[in-house]
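Peer 1: Dropping in work24.cif, which is mmCIF, C-alpha atoms and all ligand atoms:
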data_input
loop_
_atom_site.label_atom_id
_atom_site.label_comp_id
_atom_site.auth_asym_id
_atom_site.auth_seq_id
_atom_site.Cartn_x
_atom_site.Cartn_y
_atom_site.Cartn_z
CA MET A 1 13.04 41.52 -3.80
CA LEU A 2 15.06 39.76 -6.49
CA ASP A 3 18.46 40.97 -7.55
CA VAL A 4 17.49 40.75 -11.23
CA LYS A 5 20.80 42.22 -12.38
CA GLU A 6 22.65 39.34 -10.70
CA ILE A 7 20.12 36.77 -11.94
CA ARG A 8 20.57 37.92 -15.53
CA LYS A 9 24.28 37.04 -15.29
CA ASP A 10 23.22 33.40 -14.83
CA PHE A 11 21.48 33.36 -18.24
CA PRO A 12 24.14 33.74 -20.96
CA LEU A 13 21.60 33.75 -23.79
CA LEU A 14 20.14 37.07 -22.61
CA GLU A 15 23.34 38.69 -23.91
CA THR A 16 22.56 37.50 -27.46
CA LYS A 17 22.32 40.26 -30.03
CA VAL A 18 19.38 39.88 -32.40
CA ARG A 19 20.74 39.66 -35.95
CA ASP A 20 24.14 40.38 -34.42
CA LYS A 21 23.27 43.95 -33.48
CA LEU A 22 20.16 44.58 -31.38
CA PRO A 23 19.93 43.76 -27.69
CA LEU A 24 17.45 40.92 -27.15
CA VAL A 25 14.28 41.61 -25.16
CA TYR A 26 12.88 38.14 -24.53
CA LEU A 27 9.20 38.22 -23.58
CA ASP A 28 8.18 34.78 -24.86
CA ASN A 29 8.69 32.83 -21.66
CA ALA A 30 5.32 31.05 -21.76
CA ALA A 31 6.61 29.29 -24.91
CA THR A 32 9.94 28.40 -23.30
CA THR A 33 12.26 29.86 -20.69
CA GLN A 34 15.98 30.49 -21.09
CA LYS A 35 18.36 28.23 -19.19
CA PRO A 36 20.72 29.25 -16.39
CA LYS A 37 24.37 28.36 -16.82
CA CYS A 38 24.20 25.74 -14.04
CA VAL A 39 21.68 23.78 -16.14
CA ILE A 40 23.79 24.06 -19.29
CA ASP A 41 26.85 22.98 -17.27
CA ALA A 42 24.94 19.99 -15.88
CA LEU A 43 24.21 18.82 -19.43
CA SER A 44 27.80 19.03 -20.59
CA ASP A 45 29.05 17.59 -17.30
CA TYR A 46 26.83 14.57 -17.82
CA TYR A 47 28.23 13.89 -21.28
CA LEU A 48 31.80 14.72 -20.23
CA ARG A 49 31.86 12.63 -17.04
CA LEU A 50 28.85 10.41 -16.56
CA ASN A 51 27.28 9.18 -19.77
CA ALA A 52 25.99 5.61 -19.40
CA ASN A 53 22.61 3.99 -19.61
CA VAL A 54 20.73 4.03 -16.33
CA HIS A 55 19.31 1.25 -14.14
CA ARG A 56 20.74 -1.60 -16.18
CA GLY A 57 24.43 -1.67 -15.60
CA VAL A 58 26.50 -3.26 -12.87
CA HIS A 59 29.43 -1.05 -13.80
CA TRP A 60 30.46 2.06 -11.91
CA LEU A 61 29.58 4.57 -14.64
CA SER A 62 26.07 3.24 -15.01
CA SER A 63 25.47 3.33 -11.29
CA GLN A 64 26.78 6.93 -11.16
CA ALA A 65 24.42 7.95 -13.99
CA THR A 66 21.56 6.14 -12.22
CA ASP A 67 22.28 7.93 -8.93
CA TYR A 68 22.20 11.36 -10.63
CA PHE A 69 19.06 10.41 -12.56
CA GLU A 70 17.25 9.27 -9.41
CA LEU A 71 18.49 12.37 -7.55
CA ALA A 72 16.59 14.40 -10.17
CA ARG A 73 13.45 12.40 -9.36
CA GLU A 74 13.92 13.24 -5.69
CA ARG A 75 14.39 16.94 -6.57
CA VAL A 76 11.13 16.95 -8.54
CA ARG A 77 9.38 15.19 -5.66
CA ASP A 78 10.66 17.79 -3.25
CA PHE A 79 9.79 20.75 -5.52
CA ILE A 80 6.11 19.79 -5.83
CA ASN A 81 5.95 18.12 -2.40
CA ALA A 82 4.91 14.71 -3.70
CA PRO A 83 4.85 12.02 -1.01
CA LYS A 84 7.40 9.70 -2.64
CA THR A 85 9.64 9.42 -5.68
CA GLU A 86 7.45 6.55 -6.94
CA ASN A 87 4.79 9.23 -7.66
CA ILE A 88 7.08 10.90 -10.23
CA ILE A 89 7.12 9.61 -13.82
CA PHE A 90 9.47 11.16 -16.36
CA THR A 91 8.13 11.91 -19.85
CA ARG A 92 9.22 14.16 -22.72
CA GLY A 93 6.98 17.06 -21.66
CA THR A 94 3.44 18.13 -20.79
CA THR A 95 2.16 16.94 -24.16
CA GLU A 96 3.48 13.43 -23.68
CA SER A 97 2.29 13.44 -20.05
CA LEU A 98 -1.27 14.28 -21.10
CA ASN A 99 -1.23 11.73 -23.93
CA LEU A 100 0.01 9.12 -21.47
CA LEU A 101 -2.78 9.94 -19.01
CA ALA A 102 -5.52 10.15 -21.65
CA GLU A 103 -4.58 6.73 -23.00
CA THR A 104 -3.88 4.85 -19.78
CA ILE A 105 -6.81 6.34 -17.85
CA SER A 106 -9.14 5.49 -20.74
CA ILE A 107 -7.94 1.89 -20.81
CA SER A 108 -7.93 1.52 -17.06
CA PHE A 109 -10.96 3.47 -15.82
CA LEU A 110 -13.30 4.62 -18.64
CA ASP A 111 -15.92 2.96 -20.81
CA GLU A 112 -18.64 4.01 -23.24
CA ASP A 113 -20.81 5.24 -20.39
CA SER A 114 -18.15 7.49 -18.89
CA GLU A 115 -17.91 11.27 -19.09
CA VAL A 116 -14.75 13.39 -19.05
CA ILE A 117 -14.74 17.15 -18.48
CA ILE A 118 -12.14 19.61 -19.72
CA SER A 119 -12.46 23.39 -20.23
CA GLU A 120 -12.73 25.72 -23.18
CA MET A 121 -9.48 27.45 -22.19
CA GLU A 122 -7.21 24.41 -22.58
CA HIS A 123 -4.04 24.23 -24.63
CA HIS A 124 -4.49 21.80 -27.55
CA SER A 125 -2.41 19.26 -25.68
CA ASN A 126 -5.20 18.98 -23.12
CA ILE A 127 -7.87 18.70 -25.83
CA VAL A 128 -6.52 16.59 -28.69
CA PRO A 129 -5.38 13.59 -26.58
CA TRP A 130 -8.97 13.39 -25.27
CA HIS A 131 -10.34 13.54 -28.81
CA ILE A 132 -8.00 10.71 -29.83
CA ALA A 133 -8.85 8.62 -26.74
CA GLN A 134 -12.55 9.35 -27.22
CA LYS A 135 -12.45 7.90 -30.71
CA LYS A 136 -11.13 4.61 -29.32
CA HIS A 137 -12.93 4.44 -25.99
CA LYS A 138 -16.21 6.23 -26.85
CA PHE A 139 -16.63 8.25 -23.64
CA LYS A 140 -18.44 11.59 -23.66
CA LEU A 141 -16.38 14.81 -23.51
CA LYS A 142 -17.83 17.96 -21.91
CA TYR A 143 -16.40 21.47 -21.57
CA ILE A 144 -16.51 24.08 -18.79
CA PRO A 145 -17.04 27.42 -20.53
CA PHE A 146 -15.37 30.71 -19.58
CA ASN A 147 -16.70 34.26 -19.55
CA ASP A 148 -15.45 37.32 -21.44
CA LYS A 149 -13.13 38.26 -18.57
CA GLY A 150 -11.41 34.93 -19.21
CA GLU A 151 -12.62 33.27 -16.00
CA LEU A 152 -14.00 29.76 -15.85
CA GLU A 153 -17.73 29.57 -15.20
CA THR A 154 -17.11 27.31 -12.25
CA GLU A 155 -20.76 27.46 -11.13
CA GLN A 156 -21.53 25.40 -14.26
CA LEU A 157 -19.25 22.58 -13.15
CA GLN A 158 -21.75 21.24 -10.63
CA ASN A 159 -24.31 20.86 -13.48
CA LEU A 160 -21.78 19.24 -15.81
CA ILE A 161 -20.87 16.57 -13.26
CA THR A 162 -23.17 13.55 -13.35
CA PRO A 163 -22.84 10.08 -11.79
CA LYS A 164 -21.13 9.06 -15.05
CA THR A 165 -18.35 11.66 -14.74
CA LYS A 166 -15.03 9.97 -14.03
CA LEU A 167 -12.45 12.66 -14.71
CA LEU A 168 -11.74 16.40 -15.00
CA SER A 169 -8.58 17.57 -16.79
CA LEU A 170 -7.90 21.28 -16.35
CA THR A 171 -5.18 23.83 -16.87
CA HIS A 172 -3.89 25.56 -13.74
CA ILE A 173 -2.97 28.78 -15.59
CA SER A 174 -4.28 29.56 -19.08
CA ASN A 175 -1.33 30.04 -21.45
CA THR A 176 -3.35 32.64 -23.38
CA LEU A 177 -5.46 34.48 -20.81
CA GLY A 178 -3.12 34.17 -17.84
CA THR A 179 -6.08 33.22 -15.64
CA ILE A 180 -5.19 31.23 -12.53
CA ASN A 181 -8.04 28.77 -12.13
CA PRO A 182 -9.36 28.11 -8.59
CA ILE A 183 -8.21 24.52 -8.76
CA LYS A 184 -8.29 23.78 -5.04
CA SER A 185 -12.04 24.30 -4.70
CA ILE A 186 -12.62 22.59 -8.08
CA ILE A 187 -10.64 19.53 -6.92
CA GLU A 188 -12.66 19.46 -3.68
CA LEU A 189 -15.94 19.55 -5.60
CA CYS A 190 -14.76 16.82 -7.98
CA HIS A 191 -13.64 14.54 -5.18
CA LYS A 192 -17.00 14.93 -3.41
CA ASN A 193 -18.46 13.50 -6.63
CA ASN A 194 -15.82 10.75 -7.05
CA VAL A 195 -14.27 12.51 -10.04
CA MET A 196 -10.48 12.27 -10.54
CA VAL A 197 -8.59 15.45 -11.42
CA ILE A 198 -5.60 16.04 -13.70
CA ILE A 199 -3.97 19.48 -13.46
CA ASP A 200 -2.02 20.77 -16.48
CA GLY A 201 0.76 22.64 -14.74
CA ALA A 202 2.69 23.65 -17.88
CA GLN A 203 2.23 27.32 -17.03
CA SER A 204 1.99 27.12 -13.25
CA ILE A 205 5.16 25.20 -12.43
CA ALA A 206 7.39 28.28 -12.92
CA HIS A 207 4.96 30.92 -11.62
CA LEU A 208 3.23 29.46 -8.56
CA SER A 209 4.31 27.48 -5.56
CA ILE A 210 3.09 23.91 -6.14
CA ASP A 211 2.19 21.49 -3.37
CA VAL A 212 0.42 18.50 -4.87
CA GLN A 213 -0.51 17.09 -1.46
CA ASP A 214 -2.11 20.34 -0.38
CA LEU A 215 -3.94 20.66 -3.72
CA ASP A 216 -4.92 16.98 -3.45
CA CYS A 217 -4.95 16.68 -7.26
CA ASP A 218 -4.78 13.10 -8.55
CA PHE A 219 -2.32 13.99 -11.31
CA TYR A 220 -0.18 17.06 -12.03
CA VAL A 221 1.86 17.36 -15.25
CA PHE A 222 4.48 19.82 -16.48
CA SER A 223 7.35 20.41 -18.93
CA GLY A 224 10.89 21.08 -17.82
CA HIS A 225 11.61 23.65 -20.51
CA LYS A 226 9.03 26.08 -19.11
CA VAL A 227 10.80 26.11 -15.75
CA TYR A 228 14.41 26.84 -16.81
CA ALA A 229 15.22 23.17 -17.56
CA PRO A 230 16.14 21.56 -20.90
CA MET A 231 13.62 20.70 -23.58
CA GLY A 232 12.59 17.06 -23.93
CA ILE A 233 11.89 16.34 -20.27
CA GLY A 234 8.54 16.42 -18.49
CA VAL A 235 6.74 14.96 -15.52
CA VAL A 236 3.57 13.17 -14.51
CA TYR A 237 2.89 13.26 -10.78
CA GLY A 238 0.23 10.69 -9.89
CA LYS A 239 -1.28 9.31 -6.69
CA LYS A 240 0.14 5.88 -5.94
CA GLU A 241 -3.20 4.11 -5.56
CA LEU A 242 -4.22 5.27 -9.06
CA LEU A 243 -0.88 4.72 -10.82
CA GLU A 244 -0.78 1.18 -9.47
CA LYS A 245 -4.12 0.41 -11.12
CA MET A 246 -3.15 1.93 -14.47
CA TYR A 247 -2.18 0.00 -17.56
CA PRO A 248 1.19 1.01 -19.10
CA TYR A 249 1.48 3.48 -21.98
CA HIS A 250 4.58 2.53 -23.96
CA GLY A 251 6.01 -0.97 -23.95
CA GLY A 252 9.71 -1.81 -24.06
CA GLY A 253 12.76 -2.15 -21.87
CA GLU A 254 12.74 -1.03 -18.23
CA MET A 255 8.98 -1.22 -17.77
CA ILE A 256 8.80 -4.99 -17.36
CA LYS A 257 9.38 -7.57 -14.63
CA GLU A 258 9.36 -10.57 -16.91
CA VAL A 259 8.73 -11.24 -20.57
CA SER A 260 8.09 -14.62 -22.15
CA MET A 261 7.06 -15.44 -25.69
CA THR A 262 3.42 -15.25 -24.62
CA ALA A 263 3.15 -12.68 -21.83
CA THR A 264 4.62 -9.68 -20.00
CA THR A 265 4.42 -8.78 -16.35
CA PHE A 266 4.93 -5.10 -15.70
CA ASN A 267 7.41 -3.34 -13.44
CA ASP A 268 6.44 -1.37 -10.32
CA ILE A 269 5.62 2.34 -10.53
CA PRO A 270 7.10 4.68 -11.69
CA TYR A 271 9.22 2.47 -14.02
CA ARG A 272 6.11 0.80 -15.47
CA PHE A 273 5.51 4.08 -17.32
CA GLU A 274 9.10 4.74 -18.39
CA ALA A 275 9.78 2.38 -21.29
CA GLY A 276 13.13 2.61 -23.06
CA THR A 277 16.21 4.72 -22.52
CA PRO A 278 15.25 8.03 -20.90
CA SER A 279 16.71 11.44 -21.62
CA VAL A 280 19.15 11.18 -18.72
CA ALA A 281 21.03 14.45 -19.20
CA ASP A 282 17.80 16.45 -19.53
CA THR A 283 16.38 14.78 -16.44
CA ILE A 284 19.46 15.72 -14.45
CA GLY A 285 19.16 19.25 -15.91
CA LEU A 286 15.57 19.44 -14.66
CA GLY A 287 16.67 18.62 -11.13
CA VAL A 288 19.35 21.32 -11.31
CA ALA A 289 16.87 23.89 -12.69
CA LEU A 290 14.40 23.27 -9.86
CA GLU A 291 17.18 23.60 -7.27
CA TYR A 292 18.21 26.87 -8.93
CA LEU A 293 14.65 28.25 -8.77
CA LYS A 294 14.40 27.22 -5.13
CA LYS A 295 17.68 28.96 -4.36
CA VAL A 296 16.55 32.18 -6.05
CA GLY A 297 13.30 31.92 -4.07
CA VAL A 298 9.97 30.84 -5.54
CA GLN A 299 7.97 33.44 -3.58
CA ASP A 300 10.28 36.27 -4.63
CA VAL A 301 10.05 35.17 -8.28
CA ILE A 302 6.23 35.11 -8.07
CA ALA A 303 6.17 38.62 -6.54
CA TRP A 304 8.56 40.00 -9.18
CA GLU A 305 6.66 38.50 -12.12
CA ASP A 306 3.41 39.79 -10.66
CA HIS A 307 4.92 43.26 -10.44
CA LEU A 308 6.10 43.06 -14.07
CA MET A 309 2.67 41.91 -15.25
CA HIS A 310 0.92 44.79 -13.49
CA TYR A 311 3.49 47.30 -14.70
CA ALA A 312 3.14 46.09 -18.32
CA THR A 313 -0.68 46.01 -18.07
CA GLU A 314 -0.79 49.61 -16.82
CA ARG A 315 1.49 50.75 -19.61
CA LEU A 316 -0.46 48.80 -22.27
CA GLN A 317 -3.73 50.33 -21.09
CA THR A 318 -2.45 53.73 -22.25
CA ILE A 319 -2.48 52.50 -25.89
CA GLU A 320 -5.48 53.60 -27.90
CA ASN A 321 -7.82 50.83 -29.15
CA ILE A 322 -6.07 48.10 -27.21
CA ARG A 323 -7.99 44.99 -26.22
CA ILE A 324 -6.51 42.82 -23.47
CA PHE A 325 -7.80 39.24 -23.44
CA GLY A 326 -7.85 37.87 -19.91
CA GLN A 327 -9.01 40.37 -17.31
CA SER A 328 -9.21 38.15 -14.27
CA ASN A 329 -8.00 39.59 -10.96
CA ASN A 330 -6.38 36.24 -10.38
CA LYS A 331 -3.91 36.24 -13.21
CA SER A 332 -0.24 35.45 -13.75
CA SER A 333 2.71 35.74 -16.02
CA CYS A 334 1.30 36.63 -19.46
CA ILE A 335 -0.73 39.30 -21.28
CA SER A 336 -2.58 38.70 -24.57
CA PHE A 337 -3.67 41.72 -26.57
CA LEU A 338 -4.64 43.16 -29.94
CA VAL A 339 -4.40 46.79 -31.08
CA GLY A 340 -7.23 48.05 -33.32
CA ASN A 341 -7.30 46.12 -36.57
CA ILE A 342 -3.58 45.48 -36.68
CA HIS A 343 -2.84 41.84 -37.46
CA HIS A 344 -1.06 40.11 -34.60
CA PHE A 345 1.52 38.66 -36.96
CA ASP A 346 2.43 42.08 -38.46
CA LEU A 347 2.82 43.58 -35.02
CA GLY A 348 5.01 40.70 -33.84
CA THR A 349 7.19 40.98 -36.94
CA ILE A 350 7.82 44.71 -36.46
CA LEU A 351 8.60 44.17 -32.78
CA ASP A 352 11.08 41.48 -33.79
CA MET A 353 12.77 43.94 -36.13
CA GLN A 354 13.43 45.99 -32.99
CA GLY A 355 14.84 43.04 -31.03
CA VAL A 356 11.67 42.34 -29.02
CA ALA A 357 10.54 38.70 -28.96
CA ILE A 358 6.87 38.15 -28.20
CA ARG A 359 4.53 35.38 -29.41
CA THR A 360 1.80 35.85 -31.97
CA GLY A 361 -0.96 33.50 -33.11
CA HIS A 362 -3.52 31.23 -31.50
CA HIS A 363 -1.08 29.93 -28.86
CA CYS A 364 -2.35 26.36 -29.43
CA ALA A 365 -5.65 27.40 -27.85
CA GLN A 366 -7.98 27.82 -30.80
CA PRO A 367 -11.17 27.40 -28.71
CA VAL A 368 -10.08 30.52 -26.78
CA MET A 369 -9.75 32.41 -30.07
CA GLN A 370 -13.18 31.12 -31.14
CA HIS A 371 -14.68 32.49 -27.91
CA TYR A 372 -13.56 36.02 -28.85
CA HIS A 373 -14.09 35.54 -32.61
CA ILE A 374 -10.45 36.31 -33.36
CA GLU A 375 -7.67 34.43 -35.14
CA GLY A 376 -4.88 35.17 -32.73
CA THR A 377 -3.33 37.61 -30.30
CA ASP A 378 0.00 39.14 -29.43
CA ARG A 379 1.26 37.74 -26.15
CA LEU A 380 4.05 38.84 -23.87
CA SER A 381 5.05 36.57 -21.02
CA PHE A 382 7.48 37.01 -18.17
CA ALA A 383 10.23 35.19 -16.33
CA MET A 384 12.36 35.99 -13.28
CA TYR A 385 15.04 37.70 -15.41
CA ASN A 386 12.79 40.26 -17.11
CA THR A 387 13.02 43.93 -16.11
CA GLU A 388 10.87 47.07 -16.12
CA GLN A 389 13.40 48.52 -18.54
CA GLU A 390 12.65 45.71 -20.99
CA ILE A 391 8.95 46.49 -20.75
CA ASP A 392 9.79 50.14 -21.49
CA ILE A 393 11.77 49.05 -24.58
CA PHE A 394 8.82 46.86 -25.61
CA MET A 395 6.44 49.83 -25.21
CA THR A 396 8.60 52.11 -27.35
CA ALA A 397 8.86 49.38 -30.01
CA LEU A 398 5.10 48.83 -29.82
CA GLN A 399 4.33 52.51 -30.33
CA LYS A 400 6.66 52.57 -33.36
CA ALA A 401 5.00 49.45 -34.78
CA ILE A 402 1.53 50.92 -34.32
CA ALA A 403 2.58 54.16 -36.03
CA MET A 404 3.92 52.14 -38.98
CA LEU A 405 0.95 49.80 -39.29
CA GLN A 406 -1.98 52.12 -38.74
N1 LIG B 1 -0.39 23.06 -21.58
C1 LIG B 1 -0.20 24.37 -21.50
C2 LIG B 1 -1.10 25.20 -20.62
C3 LIG B 1 0.82 24.99 -22.22
O1 LIG B 1 1.00 26.31 -22.13
C4 LIG B 1 1.65 24.18 -23.04
C5 LIG B 1 2.72 24.80 -23.86
O2 LIG B 1 2.71 25.97 -24.13
C6 LIG B 1 1.44 22.81 -23.08
C7 LIG B 1 0.39 22.28 -22.35
C8 LIG B 1 2.30 21.90 -23.92
O3 LIG B 1 3.59 21.89 -23.42
P1 LIG B 1 4.78 21.17 -24.22
O4 LIG B 1 4.76 21.72 -25.60
O5 LIG B 1 5.99 21.55 -23.44
O6 LIG B 1 4.51 19.72 -24.18
#
What does this structure look like when you write it as structure tokens?
Peer 2:
Amino acid sequence: MLDVKEIRKDFPLLETKVRDKLPLVYLDNAATTQKPKCVIDALSDYYLRLNANVHRGVHWLSSQATDYFELARERVRDFINAPKTENIIFTRGTTESLNLLAETISISFLDEDSEVIISEMEHHSNIVPWHIAQKKHKFKLKYIPFNDKGELETEQLQNLITPKTKLLSLTHISNTLGTINPIKSIIELCHKNNVMVIIDGAQSIAHLSIDVQDLDCDFYVFSGHKVYAPMGIGVVYGKKELLEKMYPYHGGGEMIKEVSMTATTFNDIPYRFEAGTPSVADTIGLGVALEYLKKVGVQDVIAWEDHLMHYATERLQTIENIRIFGQSNNKSSCISFLVGNIHHFDLGTILDMQGVAIRTGHHCAQPVMQHYHIEGTDRLSFAMYNTEQEIDIFMTALQKAIAMLQ
């Protein structure tokens, strides 16, 4: 079991007083996690001791910065068990990773005859890039539906796949429903049909143990800030044989071998996809965050968050007229709900007045809202540092809010 009391000491922000007086209860971790002090220290250490541009310099400072930057790549590789560091591309986050893949895969592998499948439970960042790419490249986009429990109708996937299907892009964990999709069997089915698979790991990277070789996904993407790392850094993991065939995304410095007035030859992977000066400090911070999570113990974190989710679900089920969206038995890390006719925004506002931070709205997953014919939900989401006591405070605040609003 985790020593949550000790862990909380690593996260200075948890001591913040809301409006200078109320203790903060932070239950919005699916939006972003707080950062441990070691990550914050790594950022200031970089700017205090190491700041130089990477890869380009012959001078000592630049080579130091480059070593730390490439160490972060190795730490990411190790954390998701990628075969080599060349499989790891740094981006600004999941959104940029998915835009990169949508654009470069379209250019490199798709044509007007191709079909791409996503699901109806995707975050907008795994929908809109496909809409944009579709406009340019004219492929057909299909959706796997989900049922009222919030589970993908995976039996429909076999019917959706045709000889024209080239790619499936799917979230590992729904940021709204909490459903953990059975991606291993889905990937197997896709590969039997020569369909590539992208996994959106924005919500799974902090809440499941990820082994990209065991999953055998072709691509896996995530954001650092959802796994205790700084904002502005993200990752694309890709299989070497695919990345090597893919056209670059952004053009600029670093991603070239040679440029003349008439032509460019591109650099090797992963640098081919990393044009321009990267966010070096944030990248180093990501490496430190992943090491921190490993040290705390990924399996212990998963068990603790699972316990918190079940504890909160049981307590929420005692509330009259509550509807919980996402009832899968295979679920993780967040709970979406509505109480009677109370508007999600009103409820969130009154909780905030009591120091409790949850998220309200459509969670950038409007097709999920359309499925249930609602505008939005209230969502609480957990991290390693949350406690049962915080859920109790949330419940008391919730009961007060309901009494005020009903
Ligand atoms: N995909 C999922 C499932 C998410 O939950 C999110 C963010 O909440 C994203 C993609 C986008 O992540 P970011 O805003 O860090 O790029």
Peer 1: Nearest to Asn267 (chain A) among A:Glu244, A:Val368, A:Val288, A:Ser44, with distances taken over only C-alpha atoms: which residue is it?
Peer 2: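 Checking each candidate against Asn267 (chain A), we get A:Glu244 as the closest.
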Peer 1: Residues at most 9 Å from ligand LIG 1 (chain B), using all atoms listed in the file? Could they come as a VMD selection string?
Peer 2: chain A and resid 30 to 32 92 to 98 121 to 126 170 to 176 200 to 204 221 to 226 231 to 234 363 to 365
Peer 1: Mind checking which residues fall within 12 Å of Leu177 (chain A), counting only C-alpha atoms, ignoring those fewer than 3 positions away in the same chain, and posting them as a PyMOL selection string?
Peer 2: chain A and resi 30+120-123+146-152+171-174+180-181+203+324-337+362-363+365+368-369+371-372+376-381
Peer 1: Restricting it to C-alpha atoms, dump the selection as a compact mmCIF listing (two decimals), in the frame of the given file.
Peer 2:
# COMPACT_ATOMS: atom_id res chain seq x y z
CA ALA A 30 5.32 31.05 -21.76
CA GLU A 120 -12.73 25.72 -23.18
CA MET A 121 -9.48 27.45 -22.19
CA GLU A 122 -7.21 24.41 -22.58
CA HIS A 123 -4.04 24.23 -24.63
CA PHE A 146 -15.37 30.71 -19.58
CA ASN A 147 -16.70 34.26 -19.55
CA ASP A 148 -15.45 37.32 -21.44
CA LYS A 149 -13.13 38.26 -18.57
CA GLY A 150 -11.41 34.93 -19.21
CA GLU A 151 -12.62 33.27 -16.00
CA LEU A 152 -14.00 29.76 -15.85
CA THR A 171 -5.18 23.83 -16.87
CA HIS A 172 -3.89 25.56 -13.74
CA ILE A 173 -2.97 28.78 -15.59
CA SER A 174 -4.28 29.56 -19.08
CA ILE A 180 -5.19 31.23 -12.53
CA ASN A 181 -8.04 28.77 -12.13
CA GLN A 203 2.23 27.32 -17.03
CA ILE A 324 -6.51 42.82 -23.47
CA PHE A 325 -7.80 39.24 -23.44
CA GLY A 326 -7.85 37.87 -19.91
CA GLN A 327 -9.01 40.37 -17.31
CA SER A 328 -9.21 38.15 -14.27
CA ASN A 329 -8.00 39.59 -10.96
CA ASN A 330 -6.38 36.24 -10.38
CA LYS A 331 -3.91 36.24 -13.21
CA SER A 332 -0.24 35.45 -13.75
CA SER A 333 2.71 35.74 -16.02
CA CYS A 334 1.30 36.63 -19.46
CA ILE A 335 -0.73 39.30 -21.28
CA SER A 336 -2.58 38.70 -24.57
CA PHE A 337 -3.67 41.72 -26.57
CA HIS A 362 -3.52 31.23 -31.50
CA HIS A 363 -1.08 29.93 -28.86
CA ALA A 365 -5.65 27.40 -27.85
CA VAL A 368 -10.08 30.52 -26.78
CA MET A 369 -9.75 32.41 -30.07
CA HIS A 371 -14.68 32.49 -27.91
CA TYR A 372 -13.56 36.02 -28.85
CA GLY A 376 -4.88 35.17 -32.73
CA THR A 377 -3.33 37.61 -30.30
CA ASP A 378 0.00 39.14 -29.43
CA ARG A 379 1.26 37.74 -26.15
CA LEU A 380 4.05 38.84 -23.87
CA SER A 381 5.05 36.57 -21.02
Peer 1: Please provide as a VMD selection string all residues within 8 Å of Ala312 (chain A), with the sequence filter that same-chain residues fewer than 4 positions apart are discarded (counting only C-alpha atoms).
Peer 2: chain A and resid 308 316 391
Peer 1: Within 9 Å of Glu320 (chain A), counting all atoms listed in the file, which residues show up once you throw out same-chain ones fewer than 2 positions away? Write them as a ChimeraX atom specification, please.
Peer 2: /A:316-318,322,339-340
Peer 1: As JSON, numbers by chain, please: the residues near region 270-279 of chain A (cut-off 6 Å, only C-alpha atoms, same-chain neighbours under 2 positions excluded).
Peer 2: {"A": [86, 89, 248, 250, 251, 252, 253, 254, 255, 267, 268, 281, 282]}
Peer 1: Of the residues A:Thr85, A:Thr162, A:Asn51, A:Thr16, which is the one nearest to Ala72 (chain A), using only C-alpha atoms?
Peer 2: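 Counting only C-alpha atoms, the residue closest to Ala72 (chain A) is A:Thr85.
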Peer 1: Please compute the CA of Val4 (chain A)-CA of Ala229 (chain A) distance, one decimal, in Å.
Peer 2: 18.8 Å
Peer 1: Scan for residues within 7 Å of the point (16.0, 33.3, -11.6) in the coordinates of the file, using all atoms listed in the file, and reply as a PyMOL selection string.
Peer 2: chain A and resi 7+293+296+384-385
Peer 1: Please produce a file of those selected residues containing C-alpha atoms, as a compact mmCIF listing (two decimals), keeping the file's coordinate frame.
Peer 2:
# COMPACT_ATOMS: atom_id res chain seq x y z
CA ILE A 7 20.12 36.77 -11.94
CA LEU A 293 14.65 28.25 -8.77
CA VAL A 296 16.55 32.18 -6.05
CA MET A 384 12.36 35.99 -13.28
CA TYR A 385 15.04 37.70 -15.41
Peer 1: Have a look at CA of Tyr292 (chain A) and CA of Asp78 (chain A) and let me know their distance in Å, one decimal.
Peer 2: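 CA of Asp78 (chain A) lies at a distance of 13.1 Å from CA of Tyr292 (chain A).
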Peer 1: Counting all atoms listed in the file, which residue out of A:Asn321, A:Val280, A:Phe109, A:Glu241 sits closest to Val195 (chain A)?
Peer 2: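 Distance minimum relative to Val195 (chain A) lands on A:Phe109.
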Peer 1: Please compute the CA of Leu405 (chain A)-CA of Val356 (chain A) distance, one decimal, in Å.
Peer 2: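 These two atoms are separated by 16.6 Å.
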Peer 1: If I wrap all listed atoms of region 89-100 of chain A in a box with edges along x, y and z and add 8 Å on each side, what are its centre and edge lengths in Å to one decimal, as AutoDock Vina command-line options?
Peer 2:
--center_x 4.1 --center_y 13.6 --center_z -19.0 --size_x 26.7 --size_y 25.0 --size_z 26.3
Peer 1: Rebuild region 223-228 of chain A to N, CA and C atoms - output it as an mmCIF file, keeping the file's coordinate frame, please.
Peer 2:
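Once everything was written out, this is selection_25.cif:
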data_model
loop_
_atom_site.group_PDB
_atom_site.id
_atom_site.type_symbol
_atom_site.label_atom_id
_atom_site.label_comp_id
_atom_site.auth_asym_id
_atom_site.auth_seq_id
_atom_site.Cartn_x
_atom_site.Cartn_y
_atom_site.Cartn_z
ATOM 1 N N SER A 223 6.166 20.530 -18.056
ATOM 2 C CA SER A 223 7.350 20.410 -18.930
ATOM 3 C C SER A 223 8.531 21.082 -18.263
ATOM 4 N N GLY A 224 9.695 20.460 -18.373
ATOM 5 C CA GLY A 224 10.890 21.080 -17.820
ATOM 6 C C GLY A 224 11.248 22.408 -18.476
ATOM 7 N N HIS A 225 11.070 22.481 -19.797
ATOM 8 C CA HIS A 225 11.610 23.650 -20.510
ATOM 9 C C HIS A 225 10.898 24.944 -20.162
ATOM 10 N N LYS A 226 9.731 24.847 -19.509
ATOM 11 C CA LYS A 226 9.030 26.080 -19.110
ATOM 12 C C LYS A 226 9.455 26.528 -17.710
ATOM 13 N N VAL A 227 10.343 25.756 -17.101
ATOM 14 C CA VAL A 227 10.800 26.110 -15.750
ATOM 15 C C VAL A 227 12.346 26.050 -15.709
ATOM 16 N N TYR A 228 12.963 26.629 -16.757
ATOM 17 C CA TYR A 228 14.410 26.840 -16.810
ATOM 18 C C TYR A 228 15.220 25.558 -17.013
#
